[in-house]
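**Q** Provided below: data.cif, containing mmCIF, C-alpha atoms and all ligand atoms.
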```cif
data_upload
#
loop_
_atom_site.label_atom_id
_atom_site.label_comp_id
_atom_site.auth_asym_id
_atom_site.auth_seq_id
_atom_site.Cartn_x
_atom_site.Cartn_y
_atom_site.Cartn_z
CA MET A 1 -5.51 22.76 9.23
CA ASP A 2 -8.75 21.45 7.93
CA GLN A 3 -10.40 21.29 4.52
CA SER A 4 -11.25 24.97 4.62
CA GLY A 5 -8.13 26.56 6.00
CA THR A 6 -5.08 26.74 8.23
CA ARG A 7 -5.20 28.47 11.56
CA LEU A 8 -2.63 29.21 14.25
CA GLN A 9 -3.76 29.07 17.81
CA SER A 10 -2.19 29.04 21.28
CA ALA A 11 -3.81 26.00 22.78
CA ASP A 12 -3.64 22.72 24.63
CA VAL A 13 -4.49 19.54 22.77
CA ALA A 14 -6.24 16.85 24.80
CA VAL A 15 -6.06 13.24 23.66
CA LYS A 16 -8.06 10.27 24.88
CA ASP A 17 -7.75 6.70 23.60
CA GLY A 18 -5.71 7.96 20.65
CA THR A 19 -8.30 10.52 19.55
CA ILE A 20 -8.15 14.32 19.86
CA VAL A 21 -11.00 15.19 22.24
CA ALA A 22 -10.45 18.90 22.93
CA ILE A 23 -8.41 21.86 21.70
CA GLY A 24 -8.35 25.13 23.64
CA SER A 25 -6.64 27.17 26.29
CA GLN A 26 -6.91 26.26 29.95
CA LEU A 27 -8.36 22.81 29.40
CA PRO A 28 -9.12 21.07 32.70
CA HIS A 29 -6.20 18.89 33.79
CA HIS A 30 -7.20 15.30 34.37
CA SER A 31 -4.50 13.76 32.26
CA ILE A 32 -2.32 10.84 33.17
CA ALA A 33 0.44 12.16 30.93
CA GLU A 34 1.29 15.68 29.90
CA ILE A 35 3.81 16.99 27.38
CA ASP A 36 4.99 20.57 27.75
CA ALA A 37 5.11 22.21 24.33
CA VAL A 38 5.09 25.82 25.49
CA GLY A 39 6.79 28.11 23.00
CA ASN A 40 7.03 25.37 20.38
CA ALA A 41 4.84 24.42 17.42
CA ILE A 42 2.43 21.48 17.48
CA LEU A 43 1.61 20.27 14.00
CA PRO A 44 -0.21 17.36 12.49
CA GLY A 45 2.48 14.76 11.72
CA PHE A 46 3.82 14.78 8.18
CA ILE A 47 2.34 12.42 5.61
CA ASN A 48 4.76 11.12 3.00
CA CYS A 49 2.85 10.29 -0.20
CA HIS A 50 5.60 8.37 -1.96
CA MET A 51 8.59 6.52 -0.58
CA HIS A 52 10.35 3.18 -0.89
CA GLN A 53 11.86 1.56 2.19
CA THR A 54 15.20 0.91 0.52
CA LEU A 55 18.41 0.09 2.31
CA LEU A 56 21.19 1.83 0.37
CA ARG A 57 21.99 5.47 -0.17
CA GLY A 58 24.94 7.58 -1.15
CA LEU A 59 26.50 5.20 -3.65
CA CYS A 60 26.49 5.07 -7.44
CA GLU A 61 25.53 8.72 -7.51
CA ASP A 62 25.77 10.93 -10.61
CA MET A 63 24.55 8.40 -13.19
CA PRO A 64 21.91 9.00 -15.89
CA LEU A 65 18.50 7.72 -14.77
CA MET A 66 18.14 4.74 -17.12
CA GLN A 67 21.71 3.54 -16.48
CA TRP A 68 21.14 3.98 -12.76
CA LEU A 69 17.92 1.96 -12.89
CA GLU A 70 19.38 -0.84 -15.00
CA GLU A 71 22.87 -1.14 -13.54
CA VAL A 72 22.19 -0.27 -9.91
CA CYS A 73 18.53 -0.46 -8.93
CA PHE A 74 17.42 -3.64 -10.67
CA PRO A 75 20.54 -5.76 -9.72
CA LYS A 76 20.23 -4.47 -6.16
CA ASP A 77 16.51 -5.28 -6.11
CA ARG A 78 17.12 -8.77 -7.49
CA ALA A 79 19.68 -9.48 -4.75
CA PHE A 80 17.36 -8.07 -2.09
CA GLU A 81 16.36 -10.60 0.56
CA PRO A 82 13.90 -10.42 3.45
CA PHE A 83 16.68 -9.74 5.94
CA HIS A 84 17.77 -6.70 3.89
CA GLN A 85 14.15 -5.49 3.97
CA HIS A 86 14.03 -5.92 7.72
CA ALA A 87 17.07 -3.66 8.08
CA ALA A 88 15.70 -1.18 5.54
CA ALA A 89 12.32 -0.93 7.27
CA LEU A 90 13.99 -0.37 10.63
CA MET A 91 16.20 2.38 9.21
CA ASN A 92 13.44 4.14 7.26
CA GLN A 93 10.91 4.00 10.07
CA LEU A 94 13.40 5.19 12.69
CA GLU A 95 14.34 8.04 10.37
CA MET A 96 10.68 8.98 9.83
CA ILE A 97 9.86 9.00 13.55
CA ARG A 98 12.85 11.29 14.13
CA ALA A 99 11.78 13.52 11.23
CA GLY A 100 8.17 13.96 12.33
CA THR A 101 6.54 11.78 9.68
CA THR A 102 3.61 9.91 11.15
CA THR A 103 2.07 8.36 8.00
CA TYR A 104 3.72 7.13 4.81
CA ILE A 105 2.98 4.99 1.78
CA ASP A 106 5.76 2.52 0.97
CA ILE A 107 6.11 0.93 -2.46
CA PHE A 108 8.78 -1.75 -2.28
CA ARG A 109 9.72 -5.35 -1.44
CA TYR A 110 8.75 -7.95 1.17
CA PRO A 111 5.82 -5.96 2.59
CA SER A 112 5.14 -8.51 5.34
CA VAL A 113 8.64 -7.97 6.72
CA ALA A 114 8.26 -4.18 6.58
CA ALA A 115 4.77 -4.40 8.09
CA LEU A 116 6.11 -6.40 11.04
CA VAL A 117 8.54 -3.55 11.70
CA ALA A 118 5.64 -1.09 11.42
CA GLU A 119 3.70 -3.09 13.96
CA ARG A 120 6.58 -2.39 16.35
CA SER A 121 7.53 1.17 15.28
CA GLY A 122 3.98 2.48 15.77
CA LEU A 123 3.89 4.47 12.51
CA ARG A 124 0.73 4.69 10.43
CA SER A 125 1.71 2.77 7.34
CA ILE A 126 0.38 1.93 3.91
CA PHE A 127 2.16 -0.83 1.99
CA SER A 128 1.80 -1.13 -1.77
CA PRO A 129 4.02 -4.08 -2.75
CA GLN A 130 6.03 -3.08 -5.81
CA ILE A 131 4.96 -5.46 -8.57
CA ILE A 132 7.42 -5.72 -11.47
CA ASP A 133 6.71 -8.01 -14.45
CA ASN A 134 9.73 -6.82 -16.42
CA PRO A 135 12.49 -7.43 -15.44
CA LEU A 136 11.09 -10.43 -13.61
CA GLY A 137 12.52 -11.03 -10.15
CA ALA A 138 13.23 -7.37 -9.41
CA GLY A 139 10.04 -6.86 -7.45
CA GLU A 140 6.88 -8.39 -6.02
CA THR A 141 4.29 -10.23 -8.10
CA LEU A 142 0.53 -9.93 -8.36
CA GLN A 143 0.26 -13.16 -6.35
CA SER A 144 2.54 -11.96 -3.55
CA ASN A 145 0.60 -8.66 -3.40
CA ILE A 146 -2.70 -10.53 -3.03
CA ALA A 147 -1.20 -12.82 -0.37
CA PHE A 148 0.02 -9.77 1.56
CA ILE A 149 -3.42 -8.14 1.46
CA GLU A 150 -5.07 -11.35 2.64
CA GLU A 151 -2.58 -11.67 5.50
CA TRP A 152 -2.44 -8.06 6.68
CA ARG A 153 -5.64 -6.22 5.79
CA ASP A 154 -7.32 -6.77 9.16
CA ARG A 155 -4.24 -7.27 11.30
CA VAL A 156 -3.72 -3.71 12.61
CA PRO A 157 -6.99 -1.95 11.75
CA GLY A 158 -6.77 1.77 11.09
CA ARG A 159 -2.99 1.90 11.34
CA ILE A 160 -1.53 -0.55 8.83
CA PHE A 161 -3.16 -0.54 5.38
CA THR A 162 -2.64 -2.78 2.36
CA TRP A 163 -2.76 -1.49 -1.23
CA PHE A 164 -1.69 -2.68 -4.67
CA GLY A 165 1.63 -1.34 -5.99
CA PRO A 166 2.23 -2.00 -9.72
CA HIS A 167 5.61 -0.31 -10.26
CA ALA A 168 4.81 1.51 -13.54
CA PRO A 169 3.00 1.02 -16.85
CA TYR A 170 6.34 0.27 -18.56
CA SER A 171 7.44 -2.39 -16.04
CA CYS A 172 4.06 -4.13 -15.56
CA LEU A 173 1.95 -5.80 -18.23
CA PRO A 174 -1.38 -4.18 -19.21
CA ASP A 175 -3.16 -7.35 -18.05
CA THR A 176 -1.59 -7.00 -14.62
CA PHE A 177 -3.02 -3.49 -14.31
CA ILE A 178 -6.45 -4.64 -15.49
CA GLU A 179 -6.48 -7.50 -12.98
CA ILE A 180 -5.31 -5.18 -10.19
CA GLU A 181 -8.15 -2.74 -10.90
CA LYS A 182 -10.71 -5.54 -10.44
CA LEU A 183 -9.04 -6.79 -7.26
CA ALA A 184 -8.67 -3.29 -5.79
CA GLU A 185 -12.41 -2.87 -6.13
CA LYS A 186 -13.02 -6.26 -4.56
CA TYR A 187 -10.78 -5.56 -1.56
CA ASP A 188 -11.70 -1.85 -1.51
CA VAL A 189 -8.07 -0.73 -1.41
CA GLY A 190 -5.95 1.85 -3.25
CA ILE A 191 -3.44 1.48 -6.09
CA HIS A 192 -0.09 3.25 -6.14
CA THR A 193 2.15 3.46 -9.21
CA HIS A 194 4.79 5.61 -10.93
CA LEU A 195 3.57 7.59 -13.94
CA ALA A 196 5.10 9.88 -16.56
CA GLU A 197 8.32 10.29 -14.62
CA THR A 198 10.63 10.66 -17.60
CA LEU A 199 10.46 11.75 -21.22
CA ASP A 200 11.82 8.32 -22.18
CA GLU A 201 8.72 6.75 -20.69
CA VAL A 202 6.39 9.07 -22.60
CA ASN A 203 8.27 8.47 -25.86
CA LEU A 204 8.09 4.71 -25.33
CA PHE A 205 4.29 4.87 -24.94
CA ARG A 206 3.91 7.13 -27.94
CA ARG A 207 5.94 4.67 -30.05
CA ARG A 208 4.28 1.54 -28.70
CA TYR A 209 0.64 2.67 -28.37
CA ALA A 210 0.49 6.14 -29.95
CA LYS A 211 -0.73 7.35 -26.54
CA THR A 212 0.63 9.10 -23.49
CA PRO A 213 1.05 6.94 -20.35
CA VAL A 214 -1.96 8.77 -18.83
CA GLN A 215 -4.15 8.00 -21.87
CA PHE A 216 -2.93 4.41 -21.75
CA LEU A 217 -4.08 3.98 -18.13
CA TRP A 218 -7.37 5.70 -18.97
CA ASP A 219 -8.00 3.31 -21.85
CA ILE A 220 -7.45 0.23 -19.68
CA GLY A 221 -9.75 1.59 -16.98
CA LEU A 222 -7.29 2.53 -14.24
CA LEU A 223 -7.99 6.24 -13.77
CA ASN A 224 -10.22 6.83 -10.77
CA SER A 225 -10.09 8.04 -7.18
CA ARG A 226 -8.39 4.81 -6.01
CA LEU A 227 -5.25 5.66 -7.93
CA LEU A 228 -2.26 7.57 -6.50
CA VAL A 229 0.47 8.22 -9.07
CA ALA A 230 4.00 9.31 -8.26
CA HIS A 231 5.70 12.07 -10.27
CA ALA A 232 3.26 12.84 -13.15
CA ILE A 233 5.86 15.16 -14.66
CA HIS A 234 5.61 14.88 -18.44
CA LEU A 235 1.91 15.55 -19.02
CA THR A 236 0.00 17.14 -21.86
CA ASP A 237 -2.76 19.64 -21.05
CA GLU A 238 -5.24 16.87 -21.90
CA ASP A 239 -3.50 14.49 -19.47
CA ILE A 240 -3.86 17.07 -16.69
CA GLN A 241 -7.56 17.55 -17.45
CA LEU A 242 -8.09 13.79 -17.48
CA LEU A 243 -6.38 13.32 -14.10
CA GLY A 244 -8.57 16.07 -12.66
CA GLU A 245 -11.81 14.72 -14.12
CA THR A 246 -11.11 11.18 -12.95
CA ASP A 247 -10.03 12.28 -9.43
CA VAL A 248 -6.60 10.64 -9.54
CA ALA A 249 -4.18 11.78 -6.80
CA VAL A 250 -0.57 12.81 -7.51
CA ALA A 251 2.54 12.57 -5.32
CA TYR A 252 5.00 15.42 -5.95
CA ASN A 253 8.62 14.40 -5.27
CA PRO A 254 10.73 17.47 -5.99
CA SER A 255 14.10 16.31 -4.55
CA SER A 256 14.04 13.06 -6.48
CA ASN A 257 12.87 14.80 -9.66
CA MET A 258 15.76 17.26 -9.41
CA LYS A 259 18.37 14.70 -8.46
CA LEU A 260 17.44 12.27 -11.24
CA SER A 261 16.95 15.16 -13.63
CA SER A 262 13.47 13.89 -14.44
CA GLY A 263 11.78 17.26 -14.90
CA VAL A 264 9.43 19.59 -13.04
CA ALA A 265 5.86 18.53 -12.29
CA ARG A 266 3.30 21.20 -13.27
CA ILE A 267 1.84 21.38 -9.79
CA PRO A 268 -0.15 24.64 -10.13
CA GLU A 269 -1.86 23.34 -13.29
CA LEU A 270 -2.65 20.01 -11.61
CA ILE A 271 -4.17 21.80 -8.62
CA GLU A 272 -6.09 24.10 -10.95
CA ALA A 273 -7.54 21.02 -12.68
CA GLY A 274 -8.77 19.72 -9.32
CA VAL A 275 -6.13 17.03 -8.83
CA ARG A 276 -5.31 16.11 -5.22
CA VAL A 277 -1.56 16.65 -4.74
CA GLY A 278 0.53 15.43 -1.79
CA LEU A 279 4.24 15.69 -1.12
CA GLY A 280 6.60 12.70 -1.15
CA THR A 281 10.29 12.11 -0.67
CA ASP A 282 10.76 9.10 -2.96
CA SER A 283 13.48 6.69 -1.81
CA ASN A 284 16.67 7.23 0.10
CA LEU A 285 18.54 6.36 -3.09
CA SER A 286 17.12 9.32 -4.97
CA ASN A 287 16.74 11.98 -2.28
CA ASN A 288 18.79 10.99 0.02
CA ASN A 289 16.69 11.48 3.13
CA LEU A 290 13.08 11.39 4.29
CA ASP A 291 12.99 14.96 5.61
CA MET A 292 9.58 16.45 4.80
CA PHE A 293 10.70 19.94 5.91
CA GLU A 294 13.41 19.87 3.26
CA GLU A 295 10.90 18.51 0.74
CA MET A 296 8.53 21.41 1.44
CA GLY A 297 11.26 24.04 0.96
CA ILE A 298 12.65 22.42 -2.18
CA GLY A 299 9.17 21.72 -3.55
CA ALA A 300 8.19 25.36 -3.22
CA MET A 301 11.50 26.68 -4.58
CA LEU A 302 11.50 24.34 -7.58
CA GLN A 303 8.09 25.70 -8.66
CA LYS A 304 9.26 29.26 -8.13
CA LEU A 305 12.49 28.80 -10.07
CA SER A 306 11.07 26.83 -12.98
CA ARG A 307 8.22 29.29 -13.51
CA SER A 308 10.24 32.47 -12.82
CA ASP A 309 7.51 33.32 -10.35
CA ALA A 310 8.33 33.81 -6.67
CA ALA A 311 4.59 33.60 -5.88
CA ALA A 312 4.15 30.20 -7.57
CA MET A 313 3.93 28.15 -4.36
CA PRO A 314 2.86 29.80 -1.08
CA CYS A 315 4.19 28.42 2.23
CA GLU A 316 0.77 27.50 3.55
CA LYS A 317 -0.03 25.53 0.39
CA ILE A 318 3.11 23.41 0.53
CA LEU A 319 2.58 22.75 4.26
CA ARG A 320 -0.92 21.52 3.46
CA MET A 321 0.51 19.27 0.74
CA ALA A 322 2.67 17.65 3.44
CA THR A 323 -0.26 17.18 5.86
CA ILE A 324 -4.01 17.47 5.21
CA GLU A 325 -3.87 17.31 1.42
CA ALA A 326 -1.46 14.38 1.60
CA ALA A 327 -3.97 12.64 3.87
CA ASP A 328 -6.61 13.27 1.21
CA CYS A 329 -4.37 11.61 -1.43
CA LEU A 330 -4.22 8.49 0.75
CA GLY A 331 -7.95 8.42 1.54
CA LEU A 332 -7.20 9.23 5.19
CA ALA A 333 -8.39 12.85 5.45
CA ASP A 334 -11.22 11.89 7.79
CA ARG A 335 -8.69 10.33 10.16
CA VAL A 336 -5.41 12.31 10.08
CA GLY A 337 -3.67 15.33 8.52
CA SER A 338 -4.95 18.04 10.84
CA ILE A 339 -5.41 18.81 14.51
CA GLU A 340 -9.17 18.66 14.93
CA VAL A 341 -11.47 17.18 17.53
CA GLY A 342 -12.42 13.67 16.46
CA LYS A 343 -9.25 12.98 14.47
CA ARG A 344 -6.60 10.50 15.51
CA ALA A 345 -3.80 12.07 17.54
CA ASP A 346 -0.93 12.03 15.02
CA LEU A 347 1.01 15.03 16.29
CA ILE A 348 4.53 16.39 16.28
CA ILE A 349 6.19 19.09 18.34
CA VAL A 350 8.77 21.25 16.57
CA ASP A 351 11.41 23.15 18.52
CA LEU A 352 11.16 26.90 17.99
CA HIS A 353 13.83 27.62 20.62
CA ALA A 354 16.66 27.60 18.10
CA PRO A 355 18.52 30.46 16.41
CA HIS A 356 17.61 29.36 12.88
CA MET A 357 13.92 29.59 13.82
CA TRP A 358 14.14 33.15 15.20
CA PRO A 359 12.49 35.52 15.25
CA VAL A 360 9.19 33.88 16.10
CA LEU A 361 6.65 36.64 15.58
CA PRO A 362 3.43 36.80 17.57
CA GLU A 363 0.02 36.84 15.96
CA PRO A 364 -1.39 38.39 13.83
CA THR A 365 1.88 38.66 11.88
CA SER A 366 3.06 35.22 12.91
CA ASN A 367 5.77 33.74 10.70
CA ILE A 368 5.67 30.22 12.11
CA ILE A 369 4.45 28.54 8.90
CA GLU A 370 7.15 30.34 6.90
CA GLN A 371 9.82 29.23 9.40
CA LEU A 372 8.59 25.65 9.24
CA VAL A 373 8.76 25.59 5.44
CA TYR A 374 12.08 27.37 4.88
CA SER A 375 14.09 27.22 8.12
CA ALA A 376 13.23 24.02 9.96
CA SER A 377 14.61 20.55 9.32
CA ALA A 378 14.04 17.01 10.56
CA GLY A 379 16.32 17.49 13.56
CA ASP A 380 14.00 20.15 14.97
CA VAL A 381 11.26 17.63 15.72
CA LEU A 382 11.22 17.02 19.47
CA THR A 383 8.24 14.70 19.86
CA THR A 384 6.31 12.37 17.57
CA VAL A 385 2.94 10.90 18.50
CA VAL A 386 0.84 8.43 16.47
CA ASP A 387 -2.62 7.32 17.55
CA GLY A 388 -1.93 9.05 20.87
CA VAL A 389 1.12 6.86 21.47
CA VAL A 390 4.37 8.74 22.10
CA LEU A 391 6.94 7.26 19.69
CA MET A 392 9.60 9.89 20.41
CA LYS A 393 9.91 12.46 23.19
CA ASP A 394 12.68 15.04 23.43
CA ARG A 395 14.38 13.20 20.54
CA ILE A 396 14.51 9.87 22.31
CA VAL A 397 12.71 7.21 20.28
CA TYR A 398 10.85 4.69 22.41
CA SER A 399 9.48 2.22 19.90
CA LEU A 400 12.76 1.34 18.15
CA GLU A 401 16.26 1.06 19.58
CA GLN A 402 18.72 3.22 17.65
CA ALA A 403 21.97 1.35 18.41
CA GLU A 404 20.36 -1.97 17.48
CA VAL A 405 19.01 -0.54 14.21
CA GLU A 406 22.40 0.95 13.34
CA SER A 407 24.30 -2.32 13.61
CA ILE A 408 21.62 -4.26 11.69
CA VAL A 409 21.67 -1.66 8.90
CA GLN A 410 25.48 -1.63 8.61
CA GLU A 411 25.71 -5.37 8.35
CA ALA A 412 22.81 -5.80 5.90
CA SER A 413 24.00 -2.93 3.66
CA LEU A 414 27.48 -4.38 3.17
CA ASP A 415 25.95 -7.75 2.44
CA LEU A 416 23.57 -6.29 -0.16
CA ILE A 417 26.35 -4.32 -1.88
CA LYS A 418 28.40 -7.49 -2.16
CA LYS A 419 25.53 -9.69 -3.38
CA SER A 420 24.30 -7.21 -6.00
CA GLY A 421 27.78 -6.76 -7.50
CA LEU A 422 27.90 -3.06 -6.74
CA THR A 423 31.39 -3.29 -5.24
CA ARG A 424 32.82 -2.96 -8.76
CA TYR A 425 31.37 0.56 -8.97
CA LEU A 426 32.80 1.49 -5.61
CA GLY A 427 36.18 0.06 -6.69
CA ALA A 428 36.00 1.96 -9.97
CA LYS A 429 35.36 5.16 -8.12
CA GLN A 430 38.45 4.62 -5.98
CA GLU A 431 40.46 4.04 -9.13
CA ARG A 432 39.10 7.15 -10.81
CA ARG A 433 39.91 9.18 -7.77
CA GLY A 434 43.41 7.69 -7.63
CA THR A 435 44.30 8.54 -11.21
CA HIS A 436 42.66 11.94 -11.27
CA LYS A 437 45.19 14.67 -12.09
CA MET A 438 44.72 17.92 -10.28
ZN ZN B 501 9.49 6.06 -6.56
#
```
Do you think you could lay out the structure here as structure tokens?
**A**
Amino acid sequence: MDQSGTRLQSADVAVKDGTIVAIGSQLPHHSIAEIDAVGNAILPGFINCHMHQTLLRGLCEDMPLMQWLEEVCFPKDRAFEPFHQHAAALMNQLEMIRAGTTTYIDIFRYPSVAALVAERSGLRSIFSPQIIDNPLGAGETLQSNIAFIEEWRDRVPGRIFTWFGPHAPYSCLPDTFIEIEKLAEKYDVGIHTHLAETLDEVNLFRRRYAKTPVQFLWDIGLLNSRLLVAHAIHLTDEDIQLLGETDVAVAYNPSSNMKLSSGVARIPELIEAGVRVGLGTDSNLSNNNLDMFEEMGIGAMLQKLSRSDAAAMPCEKILRMATIEAADCLGLADRVGSIEVGKRADLIIVDLHAPHMWPVLPEPTSNIIEQLVYSASAGDVLTTVVDGVVLMKDRIVYSLEQAEVESIVQEASLDLIKKSGLTRYLGAKQERRGTHKM
């Protein structure tokens, strides 16, 4: 995959000092390490354009979005401590390595804690600390975001990046956004936020400012190529044009949008308007996994279903939105997102020797891209490499220790549930189940 197209090839990939130096058949063998991928697929690692390294999943399901945010997410986020974030980062990063994700942008809490884990996990990571002015205490602050950038921007060059992460225009003050825009220019970093996720949000902005959320950000000077917005579902035609003209990037999160009943992003129209679109999973609370294969399949099917058009989202396009076009959304297309000489070696090997991947058809009728989009899942990733470093081989992760992560996550999760008062919901569920008449 490169900017112009996607090509399948039977080839060796040679890597030196973390960079791809040759691609071709019968490359001369001088390597100190060799990975046999014969009969399998080598892809650029997946790039997740929107996720939060949260700790909990699978509880307080089936609630309306606003109730879920107010009664579950914000109390949980207020009770969240650095040691919870440590556990969450370990869990999320271990899951991503095992699922073939090599780059992600995280928008959440205690970025220094999560970045320390990233230093160890080996993943290419962007942290956009989630600033929340209202309700205060549920997120990071402008000051903590600045402190994080100062501390981490040069610490792991080229692999760990620091951005600004104002949560959303309804949870951050306009002045915070305006200040962030100035600072982002000063530090030359990106800005990640949520935008136009729900109709409630749009209605709030129409009432308060007589504008859409997109127009609001335009008027305060935020719309430009630095900005990556998550969701962008409820847009007018003018909003779409404006995002295209200002070169804003959009993260499409189909599983989360379906699960929270937020709506369907108009991805073909956004692409038509020239908007860069990458795929994201959103958090483990609203997905509930970080499987980019699943996200590709669901993302394509959601467009097809909602538009009554089975041709609405081709396989190759959605694969590009999970790799090279996602890299473009994060300003990393010159570095990752494709297997090309000169790019960093962020590679995954996907097992094709499995019944659900058969038949594997030879060129020129090859169906490998189709199988990757609709048949494969996270568990099919055999090997994950970032910057030429092997993080997982034959499903054994080297950079993190699974048993250790599991016990840390179990302990921290129970503690967080207790401290955020969520046990009452779990108790209530038990009661409901107990009194339910069949
Ligand atoms: Zn989100």
**Q** Each residue of chain A lying at most 7 Å from ligand ZN 501 (chain B) should get a row with its shortest atom-to-atom pair and the distance in Å to one decimal, counting only C-alpha atoms and all ligand atoms; could you produce that, ordered by chain and increasing number, as a tab-separated table?
**A**
```
residue	atom	partner	partner_atom	distance
A:His50	CA	B:ZN501	ZN	6.5
A:Met51	CA	B:ZN501	ZN	6.1
A:His52	CA	B:ZN501	ZN	6.4
A:His194	CA	B:ZN501	ZN	6.4
A:Ala230	CA	B:ZN501	ZN	6.6
A:Asp282	CA	B:ZN501	ZN	4.9
A:Ser283	CA	B:ZN501	ZN	6.2
```
**Q** Write out as JSON, numbers by chain which residues come within 10 Å of range 292-308 of chain A when counting only C-alpha atoms, dropping same-chain ones fewer than 3 positions away.
**A** {"A": [46, 47, 48, 96, 99, 100, 101, 252, 253, 254, 255, 256, 257, 258, 263, 264, 265, 266, 267, 268, 279, 280, 281, 287, 289, 311, 312, 313, 314, 315, 317, 318, 319, 320, 321, 322, 323, 370, 371, 372, 373, 374, 375, 376, 377, 378, 379, 380]}
**Q** Go ahead and dump the residues you just picked, C-alpha atoms, as a short mmCIF file (atom, residue, chain, number, x, y, z; two decimals), in the frame of the given file.
**A**
```cif
data_model
loop_
_atom_site.label_atom_id
_atom_site.label_comp_id
_atom_site.auth_asym_id
_atom_site.auth_seq_id
_atom_site.Cartn_x
_atom_site.Cartn_y
_atom_site.Cartn_z
CA PHE A 46 3.82 14.78 8.18
CA ILE A 47 2.34 12.42 5.61
CA ASN A 48 4.76 11.12 3.00
CA MET A 96 10.68 8.98 9.83
CA ALA A 99 11.78 13.52 11.23
CA GLY A 100 8.17 13.96 12.33
CA THR A 101 6.54 11.78 9.68
CA TYR A 252 5.00 15.42 -5.95
CA ASN A 253 8.62 14.40 -5.27
CA PRO A 254 10.73 17.47 -5.99
CA SER A 255 14.10 16.31 -4.55
CA SER A 256 14.04 13.06 -6.48
CA ASN A 257 12.87 14.80 -9.66
CA MET A 258 15.76 17.26 -9.41
CA GLY A 263 11.78 17.26 -14.90
CA VAL A 264 9.43 19.59 -13.04
CA ALA A 265 5.86 18.53 -12.29
CA ARG A 266 3.30 21.20 -13.27
CA ILE A 267 1.84 21.38 -9.79
CA PRO A 268 -0.15 24.64 -10.13
CA LEU A 279 4.24 15.69 -1.12
CA GLY A 280 6.60 12.70 -1.15
CA THR A 281 10.29 12.11 -0.67
CA ASN A 287 16.74 11.98 -2.28
CA ASN A 289 16.69 11.48 3.13
CA ALA A 311 4.59 33.60 -5.88
CA ALA A 312 4.15 30.20 -7.57
CA MET A 313 3.93 28.15 -4.36
CA PRO A 314 2.86 29.80 -1.08
CA CYS A 315 4.19 28.42 2.23
CA LYS A 317 -0.03 25.53 0.39
CA ILE A 318 3.11 23.41 0.53
CA LEU A 319 2.58 22.75 4.26
CA ARG A 320 -0.92 21.52 3.46
CA MET A 321 0.51 19.27 0.74
CA ALA A 322 2.67 17.65 3.44
CA THR A 323 -0.26 17.18 5.86
CA GLU A 370 7.15 30.34 6.90
CA GLN A 371 9.82 29.23 9.40
CA LEU A 372 8.59 25.65 9.24
CA VAL A 373 8.76 25.59 5.44
CA TYR A 374 12.08 27.37 4.88
CA SER A 375 14.09 27.22 8.12
CA ALA A 376 13.23 24.02 9.96
CA SER A 377 14.61 20.55 9.32
CA ALA A 378 14.04 17.01 10.56
CA GLY A 379 16.32 17.49 13.56
CA ASP A 380 14.00 20.15 14.97
#
```
**Q** Go ahead and compute the interatomic distance for CA of Leu222 in chain A and CA of Ile178 in chain A, in Å to one decimal.
**A**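 So the two atoms, CA of Leu222 in chain A and CA of Ile178 in chain A, lie 7.3 Å apart.
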**Q** With only C-alpha atoms as the atoms that count, which of A:Leu8, A:Ala22, A:Ile126, A:Leu142 lies nearest to Asn367 in chain A?
**A**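 Using only C-alpha atoms, the shortest distance to Asn367 in chain A belongs to A:Leu8.
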**Q** Name all residues at most 7 Å from Ile132 in chain A (count only C-alpha atoms; drop same-chain ones fewer than 4 positions away) and give them as a list of chain:residue names.
**A** A:Leu136, A:Ala138, A:Gly139, A:Glu140, A:Thr141, A:Pro166, A:His167, A:Ser171, A:Cys172
**Q** Hey, can you check how far CA of Leu195 in chain A sits from CA of Leu235 in chain A?
**A**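 Between CA of Leu195 in chain A and CA of Leu235 in chain A the gap is 9.6 Å.
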**Q** Here is a test: counting only C-alpha atoms, which residue of A:Asp17, A:Asp247, A:Asp62, A:Glu71 is nearest to Arg424 in chain A?
**A**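 The shortest atom-to-atom distance to Arg424 in chain A comes from A:Glu71.
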**Q** Just checking: using all atoms listed in the file, which residue out of A:Ile339, A:Met63, A:Ile180, A:Leu361 ends up closest to Gly24 in chain A?
**A**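 Once distances to Gly24 in chain A are computed over all atoms listed in the file, the minimum belongs to A:Ile339.
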**Q** For Ala326 in chain A, which of A:Ile233, A:Ile160, A:Ile131, A:Ile105 is the closest residue, counting only C-alpha atoms?
**A** A:Ile105
**Q** Would you work out the distance separating CA of Asp415 in chain A from CA of Tyr110 in chain A, expressed in Å to one decimal?
**A**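 If I compute the distance from CA of Asp415 in chain A to CA of Tyr110 in chain A, I get 17.2 Å.
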**Q** Given the choices A:Met1, A:Leu416, A:Gly165, A:Pro44, which gets closest to Arg344 in chain A if the distance is worked out from only C-alpha atoms?
**A** A:Pro44
**Q** From the list A:Thr212, A:Thr176, A:Gln53, A:Thr162, which residue is nearest Ile240 in chain A when using all atoms listed in the file?
**A** A:Thr212
**Q** Can you tell me which residues surround Trp68 in chain A at a distance of at most 12 Å, considering only C-alpha atoms, apart from same-chain residues fewer than 6 positions away, and format the answer as a PyMOL selection string?
**A** chain A and resi 59-62+74-76+259-261+285-286+422+425
